[in-house]
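Peer 1: Pasting start-v6.cif here (mmCIF, C-alpha atoms):
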```cif
data_model
#
loop_
_atom_site.label_atom_id
_atom_site.label_comp_id
_atom_site.auth_asym_id
_atom_site.auth_seq_id
_atom_site.Cartn_x
_atom_site.Cartn_y
_atom_site.Cartn_z
CA MET A 539 108.38 70.82 95.37
CA ASN A 540 110.32 67.87 96.67
CA ILE A 541 110.70 65.56 93.69
CA ARG A 542 111.21 62.48 95.84
CA ASN A 543 107.85 63.09 97.49
CA GLU A 544 106.04 63.26 94.15
CA LEU A 545 104.73 59.89 93.10
CA ALA A 546 104.61 60.75 89.40
CA PHE A 547 108.23 61.95 89.31
CA ASN A 548 109.46 59.06 91.43
CA ARG A 549 107.76 56.54 89.18
CA ILE A 550 109.46 57.89 86.05
CA LEU A 551 112.87 58.17 87.72
CA SER A 552 112.79 54.72 89.25
CA HIS A 553 111.68 53.24 85.96
CA ASP A 554 114.93 54.15 84.23
CA PHE A 555 117.52 54.77 86.93
CA GLU A 556 118.98 53.09 89.98
CA PHE A 557 120.54 54.61 93.10
CA ILE A 558 119.11 58.05 92.39
CA ARG A 559 120.79 60.67 94.55
CA ASN A 560 121.73 64.35 94.77
CA ILE A 561 118.65 65.62 92.96
CA GLU A 562 119.14 69.33 92.29
CA VAL A 563 116.24 71.32 90.91
CA LEU A 564 117.65 74.08 88.71
CA LEU A 565 114.47 75.73 87.44
CA GLU A 566 111.10 75.69 89.18
CA VAL A 567 108.02 77.85 88.86
CA ASN A 568 104.73 76.04 89.62
CA PHE A 569 106.59 72.72 89.39
CA PRO A 570 110.20 71.70 88.60
CA LEU A 571 111.07 72.24 84.93
CA VAL A 572 114.79 71.39 84.96
CA PHE A 573 116.74 69.26 87.42
CA SER A 574 119.93 67.22 87.63
CA PHE A 575 120.72 64.09 89.59
CA ASP A 576 123.25 61.32 90.01
CA ALA A 577 122.28 57.74 89.33
CA ASN A 578 123.56 54.30 88.52
CA GLU A 579 127.36 54.06 88.66
CA ASN A 580 128.44 57.66 89.00
CA LYS A 581 126.49 58.94 86.04
CA LYS A 582 125.05 62.43 86.11
CA TYR A 583 121.87 63.35 84.27
CA LEU A 584 120.06 66.51 83.25
CA ALA A 585 116.26 66.27 83.17
CA TYR A 586 113.84 68.57 81.34
CA VAL A 587 110.12 68.26 82.00
CA VAL A 588 108.29 68.14 78.67
CA ASP A 589 104.70 67.67 79.93
CA PHE A 590 103.23 67.71 83.42
CA LYS A 591 99.44 67.59 83.84
CA ARG A 592 98.26 66.34 87.22
CA ARG A 593 94.60 65.97 86.31
CA LYS A 594 95.37 64.01 83.16
CA LYS A 595 98.12 62.10 84.99
CA ILE A 596 100.68 62.95 82.33
CA LEU A 597 104.38 63.40 83.05
CA ASN A 598 106.91 63.14 80.24
CA ILE A 599 110.55 63.92 80.98
CA MET A 600 113.54 64.33 78.68
CA PHE A 601 116.82 62.95 80.05
CA VAL A 602 120.38 63.38 78.88
CA GLU A 603 123.64 62.26 80.40
CA THR A 604 125.57 65.28 81.52
CA SER A 605 128.64 66.43 83.48
CA ASN A 606 129.45 68.98 86.14
CA GLU A 607 131.24 71.05 83.49
CA THR A 608 128.05 71.27 81.41
CA LEU A 609 125.91 72.05 84.45
CA TYR A 610 128.33 74.76 85.53
CA ASP A 611 128.28 76.29 82.03
CA LEU A 612 124.48 76.18 82.06
CA LEU A 613 124.23 77.95 85.43
CA ASP A 614 126.99 80.38 84.45
CA GLN A 615 124.97 81.27 81.35
CA ASN A 616 127.78 80.22 79.02
CA ILE A 617 125.51 77.77 77.23
CA SER A 618 121.78 77.65 76.60
CA LEU A 619 119.47 75.04 78.09
CA ARG A 620 119.05 73.62 74.58
CA THR A 621 122.82 73.21 74.19
CA ALA A 622 123.07 71.51 77.59
CA LEU A 623 120.27 69.13 76.65
CA THR A 624 121.89 68.18 73.35
CA LYS A 625 125.50 67.66 74.50
CA ASN A 626 124.69 63.96 74.47
CA ARG A 627 121.77 62.07 72.99
CA PRO A 628 118.57 63.03 74.85
CA TYR A 629 115.61 60.68 75.16
CA ILE A 630 112.13 60.90 76.70
CA VAL A 631 110.50 58.70 79.30
CA TYR A 632 106.69 58.78 79.05
CA SER A 633 104.40 58.27 82.05
CA ASP A 634 102.05 56.04 80.09
CA GLY A 635 104.82 54.31 78.15
CA LYS A 636 103.56 55.43 74.74
CA GLU A 637 105.99 57.39 72.60
CA ILE A 638 104.02 60.35 71.34
CA TYR A 639 106.79 62.58 70.01
CA ASP A 640 108.78 61.80 66.86
CA ASP A 641 111.00 64.84 66.78
CA ILE A 642 112.77 65.76 70.02
CA ASN A 643 114.09 68.99 68.46
CA GLU A 644 110.59 70.44 68.45
CA LEU A 645 110.30 69.96 72.21
CA LEU A 646 113.58 71.60 73.14
CA PRO A 647 113.67 75.18 74.44
CA LYS A 648 114.70 77.91 72.02
CA ASP A 649 118.44 78.28 71.57
CA ASN A 650 118.45 81.70 73.24
CA PHE A 651 116.88 80.41 76.47
CA LEU A 652 119.50 80.92 79.20
CA LEU A 653 119.12 80.23 82.91
CA THR A 654 119.62 83.84 83.94
CA GLU A 655 119.14 85.07 87.48
CA LEU A 656 116.21 87.19 86.26
CA ILE A 657 114.18 84.21 85.01
CA PRO A 658 111.32 83.59 87.50
CA ASN A 659 112.73 80.74 89.54
CA SER A 660 112.17 79.72 93.14
CA ILE A 661 115.64 78.13 93.06
CA ASP A 662 118.80 80.06 93.87
CA ILE A 663 120.98 79.09 90.91
CA VAL A 664 123.98 81.03 92.22
CA SER A 665 124.28 78.78 95.26
CA LYS A 666 123.82 75.72 93.01
CA LYS A 667 126.64 77.01 90.82
CA GLN A 668 128.91 77.38 93.85
CA ARG A 669 128.26 73.79 94.82
CA ILE A 670 129.13 72.52 91.36
CA LYS A 671 132.29 74.62 91.44
CA TYR A 672 133.17 72.91 94.68
CA GLU A 673 132.80 69.51 93.07
CA LEU A 674 134.83 70.58 90.06
CA ASN A 675 137.61 72.01 92.22
CA TRP A 676 137.78 69.29 94.81
CA GLY A 677 136.78 66.29 92.76
CA GLN A 678 134.16 65.16 95.20
CA ASN A 679 130.56 65.73 95.94
CA TYR A 680 129.69 68.58 98.24
CA TYR A 681 127.67 66.26 100.42
CA ASP A 682 130.48 63.71 100.62
CA GLU A 683 132.60 66.41 102.17
CA PHE A 684 129.76 67.20 104.51
CA ILE A 685 129.51 63.59 105.60
CA LYS A 686 133.23 63.42 106.09
CA PHE A 687 133.17 66.09 108.74
CA LYS A 688 129.90 65.35 110.39
CA GLU A 689 131.42 63.49 113.30
CA VAL A 690 133.72 66.33 114.29
CA ARG A 691 132.85 67.49 117.79
CA ASN A 692 132.66 71.05 118.84
CA LYS A 693 134.81 72.08 121.79
CA TYR A 694 132.01 74.19 123.25
CA ASN A 695 129.98 71.05 123.70
CA VAL A 696 126.81 72.70 122.54
CA LEU A 697 126.59 71.66 118.93
CA SER A 698 126.74 68.10 117.82
CA THR A 699 128.62 68.65 114.64
CA ILE A 700 130.81 71.14 112.87
CA PHE A 701 131.11 71.26 109.14
CA PHE A 702 134.14 72.92 107.59
CA SER A 703 133.69 73.93 104.03
CA LYS A 704 135.04 76.51 101.65
CA TYR A 705 131.59 77.06 100.23
CA THR A 706 128.34 77.87 101.87
CA GLU A 707 125.05 76.13 101.52
CA SER A 708 121.40 76.86 102.10
CA LEU A 709 120.06 74.57 104.74
CA ASN A 710 116.97 73.26 102.99
CA THR A 711 118.75 71.00 100.56
CA ILE A 712 120.84 69.43 103.25
CA VAL A 713 117.74 68.83 105.30
CA ASP A 714 116.13 67.10 102.33
CA GLN A 715 119.18 65.02 101.63
CA TYR A 716 120.21 63.99 105.07
CA THR A 717 117.23 63.94 107.34
CA THR A 718 117.11 60.19 107.01
CA ASN A 719 120.80 59.61 106.62
CA TYR A 720 121.99 60.98 109.89
CA LYS A 721 120.26 59.07 112.66
CA ASN A 722 116.90 60.53 111.64
CA LYS A 723 117.97 63.96 112.77
CA HIS A 724 117.31 67.21 111.01
CA VAL A 725 120.49 68.84 109.87
CA PHE A 726 120.79 72.60 109.69
CA SER A 727 123.74 74.55 108.43
CA SER A 728 124.41 78.19 108.90
CA HIS A 729 126.63 80.84 107.43
CA ARG A 730 126.84 84.55 107.09
CA ARG A 731 124.21 85.32 104.52
CA ASN A 732 124.85 87.25 101.32
CA GLU A 733 128.57 87.55 101.90
CA ASN A 734 129.29 83.95 101.06
CA LYS A 735 131.86 83.78 103.82
CA PRO A 736 132.23 81.44 106.75
CA LEU A 737 131.16 82.58 110.20
CA LYS A 738 133.47 84.14 112.72
CA GLU A 739 133.72 82.08 115.84
CA GLN A 740 131.95 84.76 117.88
CA ASP A 741 129.09 84.83 115.35
CA MET A 742 128.60 81.15 115.88
CA LEU A 743 128.55 81.51 119.67
CA ASP A 744 125.99 84.29 119.42
CA HIS A 745 123.87 82.16 117.18
CA VAL A 746 124.13 79.21 119.51
CA LYS A 747 122.96 81.41 122.36
CA LEU A 748 119.88 82.26 120.35
CA LEU A 749 119.23 78.69 119.28
CA LYS A 750 119.70 77.22 122.73
CA LYS A 751 116.00 77.73 123.39
CA ILE A 752 114.97 75.29 120.71
CA ILE A 753 117.91 72.89 120.54
CA ASN A 754 117.07 69.36 121.44
CA ASP A 755 118.29 65.95 120.42
CA ASN A 756 116.26 65.97 117.25
CA TYR A 757 118.44 68.61 115.65
CA VAL A 758 121.98 68.77 114.45
CA PHE A 759 123.42 72.19 113.78
CA THR A 760 126.38 72.63 111.51
CA TYR A 761 128.44 75.73 110.97
CA ASP A 762 130.99 77.00 108.52
CA ILE A 763 133.62 78.54 110.77
CA GLU A 764 136.54 80.68 109.73
CA ARG A 765 139.66 78.98 110.98
CA ASN A 766 142.41 81.12 112.39
CA MET B 1335 106.29 95.35 111.47
CA PRO B 1336 104.25 92.42 110.15
CA PHE B 1337 104.53 90.30 113.29
CA ASP B 1338 103.39 93.07 115.62
CA PHE B 1339 100.45 93.76 113.33
CA MET B 1340 99.53 90.08 113.15
CA MET B 1341 99.58 89.69 116.92
CA LYS B 1342 97.62 92.86 117.56
CA GLU B 1343 95.11 92.65 114.74
CA TYR B 1344 94.57 88.93 114.36
CA ASP B 1345 95.69 87.61 117.72
CA PHE B 1346 98.30 85.22 116.32
CA LYS B 1347 100.33 83.71 119.13
CA SER B 1348 104.10 83.80 119.39
CA GLU B 1349 106.14 81.24 121.25
CA ASP B 1350 109.91 81.36 121.56
CA ILE B 1351 111.12 82.28 118.11
CA TYR B 1352 108.02 81.14 116.21
CA MET B 1353 104.68 82.64 115.38
CA LEU B 1354 101.82 80.29 114.66
CA LEU B 1355 100.05 81.68 111.63
CA LYS B 1356 96.54 80.35 111.01
CA THR B 1357 95.58 79.85 107.37
CA ASP B 1358 92.35 78.45 105.96
CA PHE B 1359 93.82 74.95 106.11
CA GLU B 1360 96.43 74.65 108.88
CA PHE B 1361 98.83 76.45 111.18
CA ILE B 1362 102.20 77.53 109.74
CA LYS B 1363 105.24 78.03 111.96
CA ILE B 1364 107.08 81.21 111.00
CA SER B 1365 110.40 82.19 112.57
CA THR B 1366 110.30 85.70 113.99
CA VAL B 1367 114.08 85.96 114.40
CA ASP B 1368 114.68 87.66 111.08
CA ASN B 1369 111.72 89.77 110.01
CA THR B 1370 113.46 91.52 107.12
CA HIS B 1371 112.05 89.09 104.56
CA TYR B 1372 108.42 89.29 105.66
CA LEU B 1373 105.82 91.69 104.27
CA LEU B 1374 102.08 92.21 104.47
CA GLU B 1375 101.80 93.98 101.14
CA ARG B 1376 103.69 93.95 97.87
CA ASN B 1377 103.00 95.38 94.43
CA ASP B 1378 104.57 94.35 91.15
CA LEU B 1379 104.20 90.62 91.50
CA ILE B 1380 103.48 88.02 88.87
CA ARG B 1381 101.96 84.57 89.16
CA PHE B 1382 101.84 81.76 86.66
CA ILE B 1383 98.20 80.81 86.21
CA SER B 1384 97.92 77.05 86.02
CA SER B 1385 96.59 75.26 82.97
CA GLU B 1386 95.34 72.40 85.16
CA PHE B 1387 91.95 74.08 85.47
CA GLU B 1388 89.88 74.50 82.33
CA GLU B 1389 88.85 78.00 81.35
CA ASN B 1390 85.26 76.87 80.83
CA GLU B 1391 85.20 75.59 84.44
CA TYR B 1392 87.02 78.40 86.18
CA LYS B 1393 87.08 81.95 84.80
CA GLN B 1394 90.39 83.59 84.08
CA ASP B 1395 89.56 86.63 81.97
CA ASP B 1396 91.28 89.95 82.55
CA PHE B 1397 90.37 91.12 86.05
CA ASN B 1398 88.15 88.16 86.82
CA ILE B 1399 90.48 85.33 87.83
CA HIS B 1400 88.86 82.50 89.78
CA ALA B 1401 90.04 81.87 93.36
CA VAL B 1402 91.15 78.35 92.41
CA TYR B 1403 94.18 79.77 90.60
CA PHE B 1404 95.48 81.26 93.85
CA LEU B 1405 95.23 78.24 96.12
CA PRO B 1406 98.42 77.24 97.93
CA SER B 1407 100.50 74.60 96.13
CA HIS B 1408 99.49 71.65 98.32
CA LYS B 1409 95.76 72.41 97.99
CA GLU B 1410 96.00 72.96 94.24
CA LYS B 1411 97.65 69.55 94.02
CA GLU B 1412 95.00 67.95 96.22
CA LEU B 1413 92.15 69.52 94.25
CA CYS B 1414 93.66 68.36 90.93
CA GLN B 1415 93.91 64.81 92.19
CA TYR B 1416 90.31 64.72 93.39
CA LEU B 1417 89.00 66.46 90.25
CA SER B 1418 90.63 63.79 88.11
CA GLU B 1419 88.89 61.12 90.21
CA GLU B 1420 85.62 63.11 90.07
CA VAL B 1421 85.40 63.16 93.85
CA ILE B 1422 84.46 66.06 96.13
CA VAL B 1423 86.95 66.35 98.96
CA GLN B 1424 85.97 67.90 102.26
CA GLY B 1425 87.44 71.31 102.93
CA LEU B 1426 87.67 72.27 99.27
CA GLU B 1427 83.96 72.10 98.37
CA LYS B 1428 83.78 75.76 97.45
CA TYR B 1429 86.30 75.22 94.65
CA TYR B 1430 84.06 72.86 92.68
CA THR B 1431 81.68 74.15 90.01
CA GLU B 1432 77.94 73.63 90.35
CA GLU B 1433 78.03 70.95 87.66
CA MET B 1434 80.76 69.09 89.53
CA MET B 1435 78.89 69.30 92.83
CA GLU B 1436 75.89 67.70 91.18
CA SER B 1437 77.70 64.86 89.43
CA PHE B 1438 80.80 63.99 91.51
CA ASP B 1439 80.90 61.54 94.43
CA VAL B 1440 81.54 62.88 97.91
CA ASP B 1441 84.66 61.72 99.74
CA GLU B 1442 83.37 60.25 103.00
CA SER B 1443 86.66 60.13 104.88
CA SER B 1444 86.79 62.36 107.93
CA VAL B 1445 88.50 65.72 107.81
CA GLU B 1446 91.87 65.88 109.52
CA MET B 1447 92.31 68.23 112.43
CA SER B 1448 94.24 71.38 111.56
CA SER B 1449 97.89 70.39 111.53
CA ILE B 1450 100.98 72.43 112.27
CA VAL B 1451 103.39 72.90 109.38
CA GLN B 1452 107.02 73.04 110.48
CA TYR B 1453 109.03 76.13 109.59
CA ARG B 1454 111.29 74.28 107.14
CA ASP B 1455 108.28 72.99 105.16
CA ARG B 1456 106.43 76.32 104.98
CA HIS B 1457 107.04 77.05 101.30
CA ARG B 1458 105.19 73.92 100.22
CA TYR B 1459 102.06 75.31 101.89
CA GLY B 1460 102.03 78.77 100.31
CA THR B 1461 100.92 80.43 97.08
CA SER B 1462 103.89 81.33 94.87
CA PHE B 1463 104.57 84.67 93.24
CA PHE B 1464 107.61 86.25 91.65
CA GLY B 1465 108.91 89.79 91.87
CA VAL B 1466 112.09 91.81 91.44
CA GLU B 1467 114.18 94.17 93.54
CA ASP B 1468 113.14 97.81 93.56
CA ASP B 1469 115.89 98.84 91.16
CA VAL B 1470 114.73 96.42 88.46
CA GLU B 1471 111.74 97.16 86.24
CA LEU B 1472 108.89 94.67 86.41
CA VAL B 1473 108.79 94.67 82.62
CA GLU B 1474 112.18 92.94 82.64
CA LEU B 1475 110.74 90.12 84.73
CA ILE B 1476 107.69 89.89 82.48
CA LYS B 1477 110.02 89.37 79.50
CA THR B 1478 111.76 86.42 81.15
CA ALA B 1479 108.43 85.08 82.41
CA SER B 1480 107.20 85.12 78.82
CA ASP B 1481 110.26 83.05 77.88
CA ILE B 1482 109.23 80.51 80.52
CA LEU B 1483 105.76 80.31 78.97
CA GLU B 1484 107.39 79.18 75.72
CA LEU B 1485 108.73 76.02 77.37
CA LYS B 1486 106.73 73.01 76.24
CA ALA B 1487 105.56 72.02 79.74
CA MET B 1488 104.14 75.51 80.32
CA ASN B 1489 101.73 75.27 77.39
CA GLY B 1490 98.42 76.79 78.42
CA TYR B 1491 99.83 78.67 81.42
CA LYS B 1492 99.27 82.42 81.61
CA ILE B 1493 100.90 85.27 83.51
CA ALA B 1494 98.89 87.32 86.00
CA ILE B 1495 100.26 90.69 87.12
CA GLY B 1496 99.28 92.56 90.26
CA GLY B 1497 99.90 92.80 93.96
CA VAL B 1498 98.90 91.60 97.39
CA SER B 1499 97.34 94.20 99.66
CA GLY B 1500 94.70 94.63 102.33
CA HIS B 1501 96.56 92.64 104.99
CA LEU B 1502 95.10 89.38 103.78
CA GLY B 1503 98.19 87.30 104.39
CA LEU B 1504 101.91 87.15 105.11
CA LEU B 1505 104.43 87.27 102.27
CA GLU B 1506 107.98 85.95 102.53
CA ARG B 1507 110.58 87.10 100.03
CA GLY B 1508 112.95 84.29 99.03
CA ARG B 1509 116.57 84.47 100.02
CA LYS B 1510 119.16 84.24 97.27
CA VAL B 1511 122.91 84.81 97.17
CA GLN B 1512 123.29 88.43 96.07
CA THR B 1513 125.15 89.17 92.86
CA GLU B 1514 125.48 92.22 90.66
CA ASN B 1515 122.96 90.84 88.18
CA PRO B 1516 119.26 91.64 88.31
CA GLN B 1517 117.46 88.78 90.03
CA SER B 1518 113.97 87.41 90.26
CA LYS B 1519 112.65 86.93 93.78
CA HIS B 1520 110.31 84.20 94.85
CA TYR B 1521 107.47 85.15 97.20
CA SER B 1522 105.37 82.75 99.27
CA LEU B 1523 101.99 83.97 100.47
CA TRP B 1524 100.20 82.40 103.41
CA LYS B 1525 96.68 83.80 103.35
CA PHE B 1526 95.29 84.32 106.84
CA CYS B 1527 92.20 82.27 107.60
CA GLU B 1528 88.91 83.76 106.45
CA SER B 1529 87.45 83.67 109.95
CA LYS B 1530 90.03 86.27 111.07
CA THR B 1531 90.06 88.56 108.04
CA GLY B 1532 86.86 87.92 106.11
CA LYS B 1533 89.07 87.60 103.01
CA ARG B 1534 88.86 84.72 100.56
CA PHE B 1535 91.23 83.47 97.86
CA ALA B 1536 89.05 85.37 95.40
CA ASP B 1537 90.26 88.53 97.15
CA VAL B 1538 93.85 87.54 96.39
CA GLY B 1539 92.82 87.05 92.76
CA ASN B 1540 91.15 90.47 92.71
CA GLY B 1541 94.59 92.06 93.02
CA PHE B 1542 95.71 90.50 89.74
CA ARG B 1543 94.85 90.66 86.07
CA ILE B 1544 95.78 88.31 83.26
CA MET B 1545 98.48 89.69 81.01
CA SER B 1546 97.16 90.02 77.48
CA GLN B 1547 98.93 88.22 74.67
CA GLY B 1548 101.98 90.18 73.57
CA GLY B 1549 102.20 92.14 76.83
#
```
Represent the supplied structure as structure tokens.

Peer 2:
Amino acid sequence: MNIRNELAFNRILSHDFEFIRNIEVLLEVNFPLVFSFDANENKKYLAYVVDFKRRKKILNIMFVETSNETLYDLLDQNISLRTALTKNRPYIVYSDGKEIYDDINELLPKDNFLLTELIPNSIDIVSKKQRIKYELNWGQNYYDEFIKFKEVRNKYNVLSTIFFSKYTESLNTIVDQYTTNYKNKHVFSSHRRNENKPLKEQDMLDHVKLLKKIINDNYVFTYDIERN
Amino acid sequence: MPFDFMMKEYDFKSEDIYMLLKTDFEFIKISTVDNTHYLLERNDLIRFISSEFEENEYKQDDFNIHAVYFLPSHKEKELCQYLSEEVIVQGLEKYYTEEMMESFDVDESSVEMSSIVQYRDRHRYGTSFFGVEDDVELVELIKTASDILELKAMNGYKIAIGGVSGHLGLLERGRKVQTENPQSKHYSLWKFCESKTGKRFADVGNGFRIMSQGG
């Protein structure tokens, strides 16, 4: 589910935060249960959905200010979701504005609830973890790096953009984030799957050959390429 | 191979690298470049049965789970919205109870022509399931799924266990970065349209049973 396309979620987020960006869903089954995002002046938040009932139009979300270190520990299973949610002082935003819960502790997950890879989750938390590691190591947002290189031209004159990165990325998130930000074009990235390594130059050329059939001006293809 | 079967059996058309899969509600573009993640059948799946629908409206006992619990995400969302407004929306009439059909207003707006869902949006138009790799026991997934049910927002949800068979739709196994740890896998199901297969969402539900309390 794309949170920005959901009226109920958007309403709650916009009520309390400004300049919301980099929304990362970390746990989703039938709907997102846990997500992080940046907002206001470089603050990072962790959000935990407490109630979501479409028919009754109820959405109550717990928010807590967080950090990349905490998010990394959460995804690396070093700390429980409860610990991550109580690192700072959590609070709840209610869809109808009425505070119905007195004791936040009763709403928190059990202390042994870890975000393991075996938990049913449509989100790939390992790739999320890699992205946070990137930010921790390089001191900047993964997408900022992406933007930085987006104007680099490819010498084969087939692709519009090349993206050099030490870490790989699934394309869906980038599409969500940058469809509107880059001249209304859809951005796709590609890498060698499962190995978490950049592409060899020949791999890219082979891929381009395949994609040539559908390439048009509405698409931007980006590649992680192993530099010699 | 699922794509060969779909072309031969159901006459789905393929153009360039895409196959246009017809569901009960729209056409879904599926890339045929990498077919290793696509399946027509899969056992050992679980689904979280939504608490949005009341048990006294829609049955969900043991082997008798109402079709409404297996609708694709976007249609479940649409139905919930119209149910809360007590309006009958065209195209989903068969998912209202008799009482609702008698008392609700009918939405008069015209039905949209079948649209084409782009490949990148496909997962928002499918029914979600979860499974595990062959070397992991399903019981391990059921344990972690039970932990999910304990989260406050999942109050009232249940777990259904079963499988998809009988060539009633296309399944796509989610792609995740491989690690040494046992992983859950997300599956999207796009049920083929009833006019091609004669199969309804109730037939998807027939492959599942509600997990009893305590396993």

Peer 1: Could you state which residues are captured by the PyMOL selection byres ((chain A) within 6 of (chain B)) in this file, as an MDAnalysis selection string?

Peer 2: chainID A and resid 588:589 593 647 655:658 660 662 732

Peer 1: For Met1435 in chain B, list every protein, DNA or RNA residue within 10 Å, evaluated using all atoms listed in the file, and leave out those in the same chain fewer than 6 positions away; present the list as a PyMOL selection string.

Peer 2: chain B and resi 1420-1422+1427-1429

Peer 1: Kindly save the residues from that selection, with C-alpha atoms included, as a short mmCIF file (atom, residue, chain, number, x, y, z; two decimals), keeping the file's coordinate frame.

Peer 2:
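Generated output (result_8.cif):
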```
data_model
loop_
_atom_site.label_atom_id
_atom_site.label_comp_id
_atom_site.auth_asym_id
_atom_site.auth_seq_id
_atom_site.Cartn_x
_atom_site.Cartn_y
_atom_site.Cartn_z
CA GLU B 1420 85.62 63.11 90.07
CA VAL B 1421 85.40 63.16 93.85
CA ILE B 1422 84.46 66.06 96.13
CA GLU B 1427 83.96 72.10 98.37
CA LYS B 1428 83.78 75.76 97.45
CA TYR B 1429 86.30 75.22 94.65
#
```

Peer 1: Which distance in Å separates CA of Tyr1372 in chain B and CA of Leu1472 in chain B, to one decimal?

Peer 2: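 A separation of 20.0 Å between them.
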
Peer 1: Kindly resolve the PyMOL selection byres ((chain A and resi 601-617) around 7) on the present coordinates and return the residues as a list in words.

Peer 2: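 Output from the PyMOL selection byres ((chain A and resi 601-617) around 7), applied to this file: Lys582, Tyr583, Leu584, Ala585, Tyr586, Ile599, Met600, Ser618, Leu619, Thr621, Ala622, Leu623, Asn626, Arg627, Pro628, Tyr629, Ile630, Leu652, Leu653, Thr654, Ile663, Lys667, Ile670 and Leu674 of chain A.
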
Peer 1: What does the distance between CA of Arg1376 in chain B and CA of Trp1524 in chain B come to in Å, to one decimal place?

Peer 2: 13.3 Å

Peer 1: Residue by residue, what does the PyMOL selection byres ((chain B and resi 1529) around 10) grab here? Present the result as number ranges by chain.

Peer 2: B: 1344, 1356-1358, 1526-1528, 1530-1534

Peer 1: For C-alpha atoms, I'd like the residues from the last selection saved as a PDB file, in the coordinates of the input.

Peer 2:
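Dumped to out.pdb:
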```
ATOM      1  CA  TYR B1344      94.570  88.930 114.360  1.00  0.00           C
ATOM      2  CA  LYS B1356      96.540  80.350 111.010  1.00  0.00           C
ATOM      3  CA  THR B1357      95.580  79.850 107.370  1.00  0.00           C
ATOM      4  CA  ASP B1358      92.350  78.450 105.960  1.00  0.00           C
ATOM      5  CA  PHE B1526      95.290  84.320 106.840  1.00  0.00           C
ATOM      6  CA  CYS B1527      92.200  82.270 107.600  1.00  0.00           C
ATOM      7  CA  GLU B1528      88.910  83.760 106.450  1.00  0.00           C
ATOM      8  CA  LYS B1530      90.030  86.270 111.070  1.00  0.00           C
ATOM      9  CA  THR B1531      90.060  88.560 108.040  1.00  0.00           C
ATOM     10  CA  GLY B1532      86.860  87.920 106.110  1.00  0.00           C
ATOM     11  CA  LYS B1533      89.070  87.600 103.010  1.00  0.00           C
ATOM     12  CA  ARG B1534      88.860  84.720 100.560  1.00  0.00           C
TER      13      ARG B1534
END
```

Peer 1: Could the centre and edge lengths of an axis-aligned box, enclosing all atoms of range 1508-1523 of chain B in the file with 6 Å extra on each side, be given in Å to one decimal as lines of an AutoDock Vina configuration file?

Peer 2:
```
center_x = 113.7
center_y = 87.5
center_z = 94.3
size_x = 35.5
size_y = 21.5
size_z = 24.3
```

Peer 1: To one decimal place, how far is CA of Glu562 in chain A from CA of Ser574 in chain A in Å?

Peer 2: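 Distance between the two atoms: 5.2 Å.
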